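Shown here: query-v3.tsv, TSV, C-alpha atoms and all ligand atoms.
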chain	number	residue	atom	x	y	z
A	1	MET	CA	-5.03	-29.72	-8.13
A	2	TYR	CA	-8.18	-27.71	-7.64
A	3	LEU	CA	-6.72	-24.21	-7.70
A	4	ILE	CA	-6.30	-22.01	-10.74
A	5	GLU	CA	-2.58	-21.77	-11.27
A	6	ASN	CA	-2.19	-18.01	-11.42
A	7	TYR	CA	0.42	-17.96	-8.63
A	8	THR	CA	3.90	-19.40	-8.39
A	9	ARG	CA	3.96	-20.57	-4.80
A	10	LEU	CA	7.04	-21.39	-2.76
A	11	PRO	CA	7.01	-24.92	-1.35
A	12	VAL	CA	6.47	-24.10	2.31
A	13	ARG	CA	3.38	-24.49	4.46
A	14	PHE	CA	3.11	-22.05	7.34
A	15	VAL	CA	0.81	-23.20	10.08
A	16	ARG	CA	1.13	-20.49	12.70
A	17	GLY	CA	2.81	-17.22	13.53
A	18	GLU	CA	3.84	-15.25	16.55
A	19	GLY	CA	5.21	-11.72	16.44
A	20	VAL	CA	7.79	-11.50	13.65
A	21	TYR	CA	8.06	-15.28	13.35
A	22	LEU	CA	6.25	-17.85	11.22
A	23	TYR	CA	6.35	-21.62	11.78
A	24	ASP	CA	5.93	-24.33	9.16
A	25	GLN	CA	4.45	-27.83	9.42
A	26	GLU	CA	7.72	-29.28	10.69
A	27	GLY	CA	8.02	-26.64	13.38
A	28	LYS	CA	10.82	-24.80	11.57
A	29	ARG	CA	10.93	-21.12	12.48
A	30	TYR	CA	11.16	-18.29	9.93
A	31	LEU	CA	11.79	-14.61	10.38
A	32	ASP	CA	9.02	-12.86	8.49
A	33	PHE	CA	10.38	-9.86	6.58
A	34	LEU	CA	7.43	-9.73	4.21
A	35	SER	CA	4.36	-9.60	6.49
A	36	GLY	CA	2.14	-11.20	3.87
A	37	ILE	CA	3.14	-8.32	1.52
A	38	ALA	CA	2.91	-5.42	3.98
A	39	VAL	CA	-0.32	-6.74	5.48
A	40	CYS	CA	0.48	-8.11	8.95
A	41	SER	CA	1.61	-4.75	10.28
A	42	LEU	CA	1.38	-5.81	13.93
A	43	GLY	CA	3.05	-9.15	13.28
A	44	HIS	CA	1.30	-12.46	13.84
A	45	SER	CA	-1.11	-13.34	16.65
A	46	HIS	CA	-0.96	-9.85	18.13
A	47	PRO	CA	-2.83	-10.20	21.45
A	48	LYS	CA	-5.00	-7.09	21.04
A	49	LEU	CA	-5.88	-7.80	17.42
A	50	THR	CA	-6.65	-11.46	18.13
A	51	GLU	CA	-8.81	-10.51	21.10
A	52	ALA	CA	-10.73	-7.85	19.14
A	53	VAL	CA	-11.40	-10.18	16.20
A	54	CYS	CA	-12.47	-13.06	18.47
A	55	SER	CA	-14.77	-11.00	20.61
A	56	GLN	CA	-16.38	-9.19	17.67
A	57	SER	CA	-16.97	-12.48	15.88
A	58	LYS	CA	-19.01	-13.64	18.87
A	59	LYS	CA	-21.30	-10.60	18.53
A	60	LEU	CA	-21.70	-9.71	14.85
A	61	LEU	CA	-19.58	-10.19	11.75
A	62	HIS	CA	-21.61	-8.33	9.19
A	63	VAL	CA	-24.81	-6.36	8.80
A	64	SER	CA	-24.37	-4.84	5.27
A	65	ASN	CA	-24.30	-1.18	4.44
A	66	LEU	CA	-28.08	-0.87	4.50
A	67	PHE	CA	-27.86	-0.09	8.21
A	68	GLU	CA	-25.92	2.13	10.55
A	69	ASN	CA	-22.35	1.04	11.04
A	70	PRO	CA	-20.71	2.37	14.22
A	71	TRP	CA	-17.56	0.30	13.56
A	72	GLN	CA	-16.95	2.21	10.32
A	73	GLU	CA	-17.64	5.51	12.06
A	74	GLU	CA	-15.04	4.80	14.71
A	75	LEU	CA	-12.34	3.65	12.33
A	76	ALA	CA	-13.04	6.53	9.94
A	77	ARG	CA	-12.65	9.02	12.79
A	78	GLU	CA	-9.21	7.61	13.60
A	79	LEU	CA	-8.13	7.74	9.95
A	80	ILE	CA	-9.36	11.29	9.46
A	81	LYS	CA	-7.48	12.46	12.58
A	82	GLU	CA	-4.28	11.74	10.67
A	83	PHE	CA	-5.46	13.27	7.38
A	84	TRP	CA	-4.29	16.81	6.62
A	85	THR	CA	-7.77	18.31	6.39
A	86	GLU	CA	-11.41	17.46	6.90
A	87	GLY	CA	-12.39	14.43	4.93
A	88	ARG	CA	-14.58	11.38	4.72
A	89	VAL	CA	-13.98	7.68	4.26
A	90	PHE	CA	-15.47	4.93	2.09
A	91	PHE	CA	-14.60	1.35	3.06
A	92	CYS	CA	-14.04	-1.58	0.70
A	93	ASN	CA	-12.04	-4.81	0.88
A	94	SER	CA	-8.78	-4.41	-1.00
A	95	GLY	CA	-6.32	-2.07	-2.62
A	96	THR	CA	-7.59	-2.42	-6.13
A	97	GLU	CA	-11.13	-1.69	-4.96
A	98	ALA	CA	-9.98	1.39	-3.09
A	99	ASN	CA	-8.35	2.65	-6.29
A	100	GLU	CA	-11.44	1.86	-8.36
A	101	ALA	CA	-13.49	3.97	-5.98
A	102	GLY	CA	-10.88	6.73	-6.16
A	103	ILE	CA	-10.96	6.69	-9.98
A	104	LYS	CA	-14.76	6.78	-10.04
A	105	LEU	CA	-14.74	9.66	-7.58
A	106	VAL	CA	-12.38	11.69	-9.78
A	107	ARG	CA	-14.66	11.24	-12.78
A	108	LYS	CA	-17.81	12.02	-10.78
A	109	PHE	CA	-16.30	15.16	-9.29
A	110	PHE	CA	-15.81	16.74	-12.71
A	111	ARG	CA	-18.96	15.30	-14.27
A	112	ASP	CA	-21.07	16.87	-11.51
A	113	ARG	CA	-19.49	20.22	-12.34
A	114	GLY	CA	-20.36	19.79	-15.98
A	115	GLU	CA	-16.71	19.54	-17.02
A	116	ASP	CA	-15.56	16.99	-19.59
A	117	ARG	CA	-12.44	15.99	-17.68
A	118	TYR	CA	-11.85	12.36	-16.86
A	119	ARG	CA	-8.26	11.47	-17.77
A	120	ILE	CA	-5.78	10.54	-15.05
A	121	ILE	CA	-2.01	10.70	-15.32
A	122	THR	CA	-0.20	7.76	-13.71
A	123	PHE	CA	3.45	6.67	-13.69
A	124	ARG	CA	5.69	4.06	-15.28
A	125	ASN	CA	6.43	1.17	-12.90
A	126	GLY	CA	3.51	2.16	-10.69
A	127	PHE	CA	1.13	-0.47	-9.41
A	128	HIS	CA	-2.51	0.11	-8.54
A	129	GLY	CA	-4.17	-3.30	-8.74
A	130	ARG	CA	-5.62	-5.96	-11.01
A	131	THR	CA	-9.20	-4.94	-11.75
A	132	TYR	CA	-9.75	-3.00	-14.96
A	133	GLY	CA	-9.67	0.57	-13.68
A	134	SER	CA	-6.66	0.00	-11.44
A	135	LEU	CA	-5.00	-2.23	-14.03
A	136	SER	CA	-5.37	0.46	-16.67
A	137	ALA	CA	-3.88	2.94	-14.19
A	138	THR	CA	-0.93	0.56	-13.76
A	139	ALA	CA	1.62	1.66	-16.36
A	140	GLN	CA	3.36	-1.70	-16.77
A	141	GLU	CA	2.62	-3.54	-20.00
A	142	LYS	CA	3.45	-6.92	-18.51
A	143	PHE	CA	0.29	-6.74	-16.40
A	144	HIS	CA	-1.87	-5.71	-19.39
A	145	GLU	CA	-0.70	-8.45	-21.74
A	146	GLY	CA	-3.56	-10.63	-22.90
A	147	PHE	CA	-6.17	-8.49	-21.19
A	148	GLU	CA	-6.45	-5.59	-23.62
A	149	PRO	CA	-8.18	-3.35	-24.33
A	150	MET	CA	-7.51	-1.38	-21.18
A	151	LEU	CA	-9.99	1.12	-19.83
A	152	GLU	CA	-9.83	4.43	-21.64
A	153	GLY	CA	-8.62	7.52	-19.81
A	154	PHE	CA	-5.09	7.00	-18.49
A	155	ASP	CA	-1.93	8.76	-19.62
A	156	TYR	CA	1.45	7.54	-18.47
A	157	ALA	CA	4.37	9.71	-17.40
A	158	GLU	CA	7.86	9.07	-16.00
A	159	LEU	CA	8.43	9.21	-12.26
A	160	ASN	CA	10.53	12.18	-11.11
A	161	ASP	CA	10.24	13.86	-14.51
A	162	ILE	CA	7.91	16.83	-14.42
A	163	ASN	CA	8.36	17.48	-18.16
A	164	SER	CA	6.87	14.09	-18.95
A	165	VAL	CA	3.87	15.01	-16.79
A	166	GLU	CA	3.39	18.29	-18.61
A	167	LYS	CA	3.57	16.40	-21.90
A	168	ALA	CA	0.85	14.01	-20.73
A	169	LEU	CA	-1.47	16.86	-19.73
A	170	SER	CA	-4.51	17.69	-21.83
A	171	PRO	CA	-7.67	19.76	-21.32
A	172	LYS	CA	-9.34	16.47	-20.36
A	173	THR	CA	-6.92	15.71	-17.53
A	174	ALA	CA	-8.76	15.37	-14.23
A	175	GLY	CA	-6.13	14.06	-11.87
A	176	ILE	CA	-2.68	12.72	-11.13
A	177	MET	CA	-2.35	9.43	-9.27
A	178	LEU	CA	0.79	7.89	-7.80
A	179	GLU	CA	2.53	6.09	-4.96
A	180	VAL	CA	5.07	8.23	-3.08
A	181	ILE	CA	7.26	5.13	-3.02
A	182	GLN	CA	6.47	2.64	-5.77
A	183	GLY	CA	6.19	-0.77	-4.10
A	184	GLU	CA	5.68	-3.53	-6.66
A	185	GLY	CA	7.63	-1.45	-9.21
A	186	GLY	CA	10.86	-1.86	-7.22
A	187	VAL	CA	10.72	0.41	-4.14
A	188	ASN	CA	11.27	3.57	-6.18
A	189	GLU	CA	11.12	6.79	-4.21
A	190	CYS	CA	9.63	10.00	-5.51
A	191	GLU	CA	11.93	12.98	-5.17
A	192	GLU	CA	10.61	15.65	-2.82
A	193	GLU	CA	11.06	18.36	-5.41
A	194	PHE	CA	9.08	16.35	-7.98
A	195	LEU	CA	6.17	15.87	-5.57
A	196	LYS	CA	6.14	19.59	-4.80
A	197	GLU	CA	6.00	20.31	-8.52
A	198	LEU	CA	3.12	17.84	-8.93
A	199	GLN	CA	1.22	19.45	-6.09
A	200	GLU	CA	1.80	22.87	-7.64
A	201	LEU	CA	0.67	21.64	-11.05
A	202	CYS	CA	-2.52	20.22	-9.52
A	203	ARG	CA	-3.30	23.57	-7.89
A	204	GLU	CA	-2.56	25.52	-11.03
A	205	LYS	CA	-4.67	23.33	-13.33
A	206	GLY	CA	-7.41	22.39	-10.84
A	207	LEU	CA	-6.47	18.69	-10.95
A	208	LEU	CA	-7.14	16.22	-8.17
A	209	LEU	CA	-4.10	14.63	-6.53
A	210	ILE	CA	-4.64	10.97	-5.67
A	211	ILE	CA	-2.01	9.22	-3.58
A	212	ASP	CA	-2.13	5.43	-3.60
A	213	GLU	CA	-1.15	4.63	0.00
A	214	VAL	CA	-2.13	0.96	-0.25
A	215	GLN	CA	1.45	-0.07	0.53
A	216	THR	CA	2.99	3.11	2.00
A	217	GLY	CA	0.04	3.83	4.31
A	218	THR	CA	-0.77	2.75	7.87
A	219	GLY	CA	2.67	3.55	9.24
A	220	ARG	CA	4.79	1.51	6.84
A	221	THR	CA	7.23	4.36	6.07
A	222	GLY	CA	7.43	5.84	9.58
A	223	LYS	CA	4.63	8.38	9.16
A	224	PHE	CA	1.02	7.31	9.34
A	225	TYR	CA	0.55	8.19	5.66
A	226	GLY	CA	3.52	8.21	3.30
A	227	TYR	CA	2.56	11.56	1.76
A	228	GLN	CA	3.17	13.22	5.15
A	229	HIS	CA	6.95	13.02	4.61
A	230	TYR	CA	6.59	15.47	1.76
A	231	GLY	CA	4.02	17.93	3.11
A	232	LEU	CA	1.53	17.08	0.36
A	233	GLU	CA	-2.16	17.95	0.51
A	234	PRO	CA	-3.81	15.19	-1.51
A	235	ASP	CA	-7.48	15.28	-2.48
A	236	ILE	CA	-7.85	11.52	-2.31
A	237	ILE	CA	-5.79	8.75	-0.74
A	238	THR	CA	-6.35	5.01	-0.89
A	239	LEU	CA	-5.46	2.44	1.77
A	240	ALA	CA	-5.57	-1.35	2.19
A	241	LYS	CA	-2.79	-3.91	2.85
A	242	GLY	CA	-1.60	-3.07	6.41
A	243	LEU	CA	-4.86	-1.48	7.54
A	244	GLY	CA	-6.53	-4.67	8.76
A	245	GLY	CA	-3.39	-6.40	10.04
A	246	GLY	CA	-4.44	-9.49	8.03
A	247	VAL	CA	-8.18	-8.98	7.88
A	248	PRO	CA	-9.15	-7.72	4.40
A	249	ILE	CA	-10.12	-4.05	4.33
A	250	GLY	CA	-9.55	-1.13	2.01
A	251	ALA	CA	-10.43	2.54	2.32
A	252	VAL	CA	-10.66	5.71	0.29
A	253	ILE	CA	-10.21	8.99	2.10
A	254	ALA	CA	-11.31	12.10	0.27
A	255	ARG	CA	-11.24	15.75	1.18
A	256	GLU	CA	-14.73	16.85	2.26
A	257	GLU	CA	-15.50	18.83	-0.89
A	258	VAL	CA	-14.52	15.90	-3.11
A	259	ALA	CA	-16.10	13.16	-0.99
A	260	ARG	CA	-19.48	14.84	-1.32
A	261	HIS	CA	-19.75	13.66	-4.93
A	262	LEU	CA	-20.27	9.99	-4.07
A	263	THR	CA	-23.98	10.38	-3.33
A	264	PRO	CA	-26.38	7.56	-2.36
A	265	GLY	CA	-26.45	4.82	-4.96
A	266	THR	CA	-23.39	5.96	-6.91
A	267	HIS	CA	-20.98	3.46	-5.38
A	268	GLY	CA	-21.04	0.63	-2.89
A	269	SER	CA	-19.74	-2.67	-1.60
A	270	THR	CA	-21.52	-5.57	0.06
A	271	PHE	CA	-18.68	-6.56	2.35
A	272	GLY	CA	-16.93	-3.20	2.54
A	273	GLY	CA	-16.19	-2.10	6.09
A	274	ASN	CA	-18.03	-4.84	7.90
A	275	ALA	CA	-17.90	-5.07	11.67
A	276	LEU	CA	-15.09	-7.61	11.78
A	277	ALA	CA	-12.84	-5.72	9.38
A	278	CYS	CA	-13.40	-2.34	11.04
A	279	VAL	CA	-12.79	-3.66	14.54
A	280	ALA	CA	-9.51	-5.12	13.32
A	281	GLY	CA	-8.65	-1.86	11.55
A	282	LYS	CA	-9.27	0.15	14.67
A	283	VAL	CA	-6.85	-1.92	16.75
A	284	VAL	CA	-4.24	-1.72	13.99
A	285	VAL	CA	-4.57	2.04	13.67
A	286	GLU	CA	-4.33	2.61	17.43
A	287	GLU	CA	-1.26	0.41	17.73
A	288	VAL	CA	0.44	1.75	14.61
A	289	LYS	CA	0.10	5.34	15.84
A	290	LYS	CA	2.14	4.35	18.91
A	291	LEU	CA	4.70	2.53	16.76
A	292	LEU	CA	5.58	5.39	14.38
A	293	PRO	CA	8.76	6.57	16.17
A	294	HIS	CA	9.85	2.93	16.42
A	295	VAL	CA	9.30	2.37	12.69
A	296	GLU	CA	11.42	5.38	11.90
A	297	GLU	CA	14.20	4.31	14.26
A	298	VAL	CA	14.47	0.65	13.28
A	299	GLY	CA	13.88	1.59	9.63
A	300	ASN	CA	16.91	3.87	9.67
A	301	TYR	CA	18.92	1.19	11.46
A	302	PHE	CA	17.91	-1.44	8.89
A	303	LYS	CA	18.71	0.88	6.00
A	304	ARG	CA	22.18	1.56	7.40
A	305	LYS	CA	22.84	-2.17	7.89
A	306	LEU	CA	21.77	-2.89	4.31
A	307	GLU	CA	24.05	-0.14	3.03
A	308	GLU	CA	26.93	-1.61	5.02
A	309	LEU	CA	26.46	-4.88	3.13
A	310	GLY	CA	27.74	-2.98	0.11
A	311	VAL	CA	26.08	-5.26	-2.43
A	312	GLY	CA	23.66	-2.88	-4.09
A	313	ARG	CA	21.62	0.29	-3.92
A	314	VAL	CA	19.34	0.59	-0.88
A	315	LYS	CA	16.02	2.25	-1.52
A	316	GLY	CA	12.90	3.18	0.43
A	317	ARG	CA	11.94	4.55	3.77
A	318	GLY	CA	10.92	3.30	7.21
A	319	LEU	CA	10.13	-0.41	6.99
A	320	MET	CA	9.55	-0.37	3.24
A	321	LEU	CA	13.05	-1.02	1.94
A	322	GLY	CA	14.56	-2.44	-1.22
A	323	LEU	CA	18.02	-3.67	-2.12
A	324	GLU	CA	18.67	-3.36	-5.83
A	325	LEU	CA	21.13	-5.97	-7.07
A	326	ASP	CA	22.82	-6.29	-10.43
A	327	ARG	CA	21.12	-9.62	-11.13
A	328	GLU	CA	17.79	-11.41	-10.87
A	329	CYS	CA	16.95	-12.10	-7.24
A	330	LYS	CA	14.25	-14.79	-7.38
A	331	GLU	CA	16.80	-17.47	-6.49
A	332	LEU	CA	17.91	-15.52	-3.41
A	333	VAL	CA	14.36	-15.57	-2.09
A	334	VAL	CA	14.48	-19.39	-2.14
A	335	ARG	CA	17.92	-19.44	-0.48
A	336	ALA	CA	16.73	-17.03	2.21
A	337	LEU	CA	13.69	-19.19	2.86
A	338	GLU	CA	15.93	-22.23	3.34
A	339	LYS	CA	17.82	-20.25	5.97
A	340	GLY	CA	14.64	-19.21	7.69
A	341	LEU	CA	14.12	-15.72	6.31
A	342	VAL	CA	11.00	-14.71	4.39
A	343	ILE	CA	11.64	-11.95	1.86
A	344	ASN	CA	10.42	-11.04	-1.59
A	345	CYS	CA	11.88	-10.05	-4.92
A	346	THR	CA	10.16	-7.45	-7.05
A	347	ALA	CA	10.84	-5.79	-10.39
A	348	GLY	CA	13.34	-8.57	-11.18
A	349	LYS	CA	16.38	-7.32	-9.29
A	350	VAL	CA	15.07	-5.72	-6.13
A	351	LEU	CA	14.95	-7.62	-2.86
A	352	ARG	CA	12.05	-6.13	-0.96
A	353	PHE	CA	11.77	-5.98	2.83
A	354	LEU	CA	8.46	-5.33	4.54
A	355	PRO	CA	8.81	-6.66	8.08
A	356	PRO	CA	6.04	-6.24	10.65
A	357	LEU	CA	6.20	-2.77	12.23
A	358	ILE	CA	6.98	-4.38	15.61
A	359	VAL	CA	10.34	-5.71	14.36
A	360	ASP	CA	13.35	-5.04	16.60
A	361	LYS	CA	17.04	-4.42	15.93
A	362	GLU	CA	17.96	-7.97	16.96
A	363	HIS	CA	15.64	-9.35	14.24
A	364	ILE	CA	17.17	-6.96	11.74
A	365	ASP	CA	20.68	-8.11	12.71
A	366	LEU	CA	19.63	-11.71	12.17
A	367	ALA	CA	18.06	-10.94	8.79
A	368	VAL	CA	21.14	-9.01	7.64
A	369	LYS	CA	23.37	-11.87	8.75
A	370	ILE	CA	21.37	-14.30	6.59
A	371	LEU	CA	21.46	-11.87	3.66
A	372	LYS	CA	25.23	-11.60	4.00
A	373	GLU	CA	25.52	-15.37	3.81
A	374	ILE	CA	23.40	-15.80	0.72
A	375	ILE	CA	24.34	-12.83	-1.46
A	401	LIG	C1	-0.87	-4.14	-3.47
A	401	LIG	C2	-1.18	-2.82	-4.05
A	401	LIG	C3	-2.42	-2.57	-4.68
A	401	LIG	C4	-3.44	-3.64	-4.89
A	401	LIG	O1	-3.97	-4.09	-3.70
A	401	LIG	P1	-4.86	-5.45	-3.68
A	401	LIG	O2	-5.35	-5.51	-2.26
A	401	LIG	O3	-3.97	-6.57	-4.07
A	401	LIG	O4	-5.96	-5.25	-4.65
A	401	LIG	C5	-2.65	-1.29	-5.12
A	401	LIG	N1	-1.75	-0.31	-4.98
A	401	LIG	C6	-0.56	-0.51	-4.37
A	401	LIG	C7	0.38	0.62	-4.21
A	401	LIG	C8	-0.24	-1.77	-3.90
A	401	LIG	O5	0.96	-1.98	-3.34
Starting from the coordinates I provided, produce the structure as structure tokens.
Ligand SMILES: *Cc1c(COP(=O)(O)O)cnc(C)c1O
Amino acid sequence: MYLIENYTRLPVRFVRGEGVYLYDQEGKRYLDFLSGIAVCSLGHSHPKLTEAVCSQSKKLLHVSNLFENPWQEELARELIKEFWTEGRVFFCNSGTEANEAGIKLVRKFFRDRGEDRYRIITFRNGFHGRTYGSLSATAQEKFHEGFEPMLEGFDYAELNDINSVEKALSPKTAGIMLEVIQGEGGVNECEEEFLKELQELCREKGLLLIIDEVQTGTGRTGKFYGYQHYGLEPDIITLAKGLGGGVPIGAVIAREEVARHLTPGTHGSTFGGNALACVAGKVVVEEVKKLLPHVEEVGNYFKRKLEELGVGRVKGRGLMLGLELDRECKELVVRALEKGLVINCTAGKVLRFLPPLIVDKEHIDLAVKILKEII
């Protein structure tokens, strides 16, 4: 009645959660294989996360970025430990904001060097967010419709097609930005060879490589950052979704030499990286680092079980998996919900699975059993 109707919401009211389970008003239990869209990486009501958030909220929630922020320092140190080289972190509140900061940083990097290079190549079916920079970077017309004109400076290429990237190149190209596994676009994996070619192209032409790790990051694919599967050396990566385990936080990590270009006053955020969010992030990062072998193991198990269903192509890695059907899957999401399984459908025909990283084989067996019944 009072809300803007920009979402189609399923008719269920969750009131609490525990581990991989959610409970509705009537006390009905659901297996959560969505995690609030890859957000609740440690599941629901994780004791350490709950404790950290409660105890921090009794001390300080927020002081702004006008003062020292030890909580950011600590979380940044943990994130940089996993990065391939020395780097620095800027904190914001969401994925789209992280990408905005990344886009601004690319432009500033070249502007400071007196070079007129600002264009960024992005990929069909990619998704980078809903604010104008990130939306313009998102090469899917359905998201642009009604909101044109888009921000100038993006050229679109085809995923896994290096020729299309070369065609999109111009003397004004500053960077290449992509997800190593496209999430919203249908769980589409980049081929290793293609990523190597992109990295090589970036080196050859002096372009910045920006990996959008908003969905693939924070352990989702079995490595802490998704790019680590492919041995990439990105200049900038962006994070959000799973990083706060449910508390909103986003981050941009940039290689030292690139990070230097966001000087005082050039970018900022009121809420970005406040005490509450960073304390949550730190617990998540510590726990996720311990969970990585588990994510890989149960991810492989889940993938095999989905393949055994024999109903469609299985895509993705770790606990970011998709099952591509030959028909629209919206209806199946409703049927799954009725049977107590929370999943999502993306790109029309792809059932998407993003369970909490703590999920076990028994939960996977149960989810697969429900899928078998409804497909
Ligand atoms: C979800 C998502 C975003 C946008 O994140 P918001 O927090 O919704 O702004 C950006 N990039 C990728 C890859 C995403 O999956």
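A distance cut-off of 8 Å from ligand LIG 401 (chain A), applied to all atoms listed in the file, picks out the residues A:Ile37, A:Asn93, A:Ser94, A:Gly95, A:Thr96, A:Glu97, A:Ala98, A:Asn99, A:Gly126, A:Phe127, A:His128, A:Gly129, A:Arg130, A:Thr131, A:Ser134, A:Glu179, A:Gln182, A:Gly183, A:Glu184, A:Asp212, A:Glu213, A:Val214, A:Gln215, A:Thr216, A:Ala240, A:Lys241, A:Pro248, A:Gly250.
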> Quick one, how far is atom CA of Gly246 of chain A from atom CA of Met320 of chain A?
Replying inline: 17.4 Å
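Residues in contact with segment 43-54 of chain A at up to 8 Å, not including ones fewer than 2 positions away on its chain and judged by only C-alpha atoms, are Gly17, Glu18, Gly19, Val20, Tyr21, Leu22, Ser35, Cys40, Ser41, Gln56, Ser57, Lys58, Gly245, Leu276, Val279, Ala280, Val283, Val284, Pro356, Leu357 and Ile358 of chain A.
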> Excluding same-chain residues fewer than 4 positions from Val295 of chain A, what lies within 7 Å of it counting only C-alpha atoms, as an MDAnalysis selection string?
Replying inline: chainID A and resid 222 291 299 318:319 357
> Near Leu321 of chain A, within 10 Å and counting all atoms listed in the file, which residues show up once chain neighbours fewer than 4 positions away are dropped, as a list in words?
Replying inline: Ile181, Gly183, Gly186, Val187, Asn188, Arg220, Thr221, Gly299, Asn300, Phe302, Lys303, Leu306, Val314, Lys315, Gly316, Arg317, Val350, Leu351, Arg352, Phe353, Leu354 and Pro355 of chain A
>> With distances taken over all atoms listed in the file, which residue among A:Glu362, A:Glu197, A:Glu287, A:Glu166 lies nearest Gly244 of chain A?
In response: A:Glu287
>> Nearest residue to Phe271 of chain A out of A:Ile120, A:Ile249, A:Gly348, A:Val89, using all atoms listed in the file?
In response: A:Ile249
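Distance check against Leu262 of chain A using all atoms listed in the file: of A:Lys223, A:His229, A:Arg107, A:Lys305, the minimum falls on A:Arg107.
With all atoms listed in the file as the atoms that count, the residue of A:Ser55, A:Thr218, A:Ser64, A:Asn160 with the shortest distance to Leu42 of chain A is A:Thr218.
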> Mind pulling up the distance from atom CA of Ile375 of chain A to atom CA of Gly310 of chain A?
Replying inline: 10.5 Å
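Separating atom CA of Thr138 of chain A from atom CA of Phe123 of chain A is a distance of 7.5 Å.
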>> List the spatial neighbours of Tyr230 of chain A as a PyMOL selection string - criterion: any atom at most 8 Å away, only C-alpha atoms, same-chain residues fewer than 3 positions off excluded.
In response: chain A and resi 192+195-196+227
> Could you pull the residues within 12 Å of Ile80 of chain A, counting all atoms listed in the file, minus those fewer than 3 positions along the same chain, as a list of chain:residue names?
Replying inline: A:Gln72, A:Glu73, A:Glu74, A:Leu75, A:Ala76, A:Arg77, A:Phe83, A:Trp84, A:Thr85, A:Glu86, A:Gly87, A:Arg88, A:Val89, A:Phe90, A:Phe224, A:Tyr225, A:Ile236, A:Ile237, A:Ala251, A:Val252, A:Ile253, A:Ala254, A:Arg255, A:Glu256, A:Val285
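Minimum atom-to-atom distances from A:Met177, A:Ala139, A:Val247, A:Ala275 to Asn65 of chain A were compared using only C-alpha atoms, and the lowest value belongs to A:Ala275.
Closest approach to Lys339 of chain A from the set A:Tyr30, A:Phe143, A:Tyr23, A:Phe14 is made by A:Tyr30, with distances taken over all atoms listed in the file.
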>> Given the point (-11.6, 16.6, -14.9) in the coordinates of this file, which residues lie within 12 Å, counting all atoms listed in the file, and how would they look as a PyMOL selection string?
In response: chain A and resi 103-121+153+169-176+202+205-209
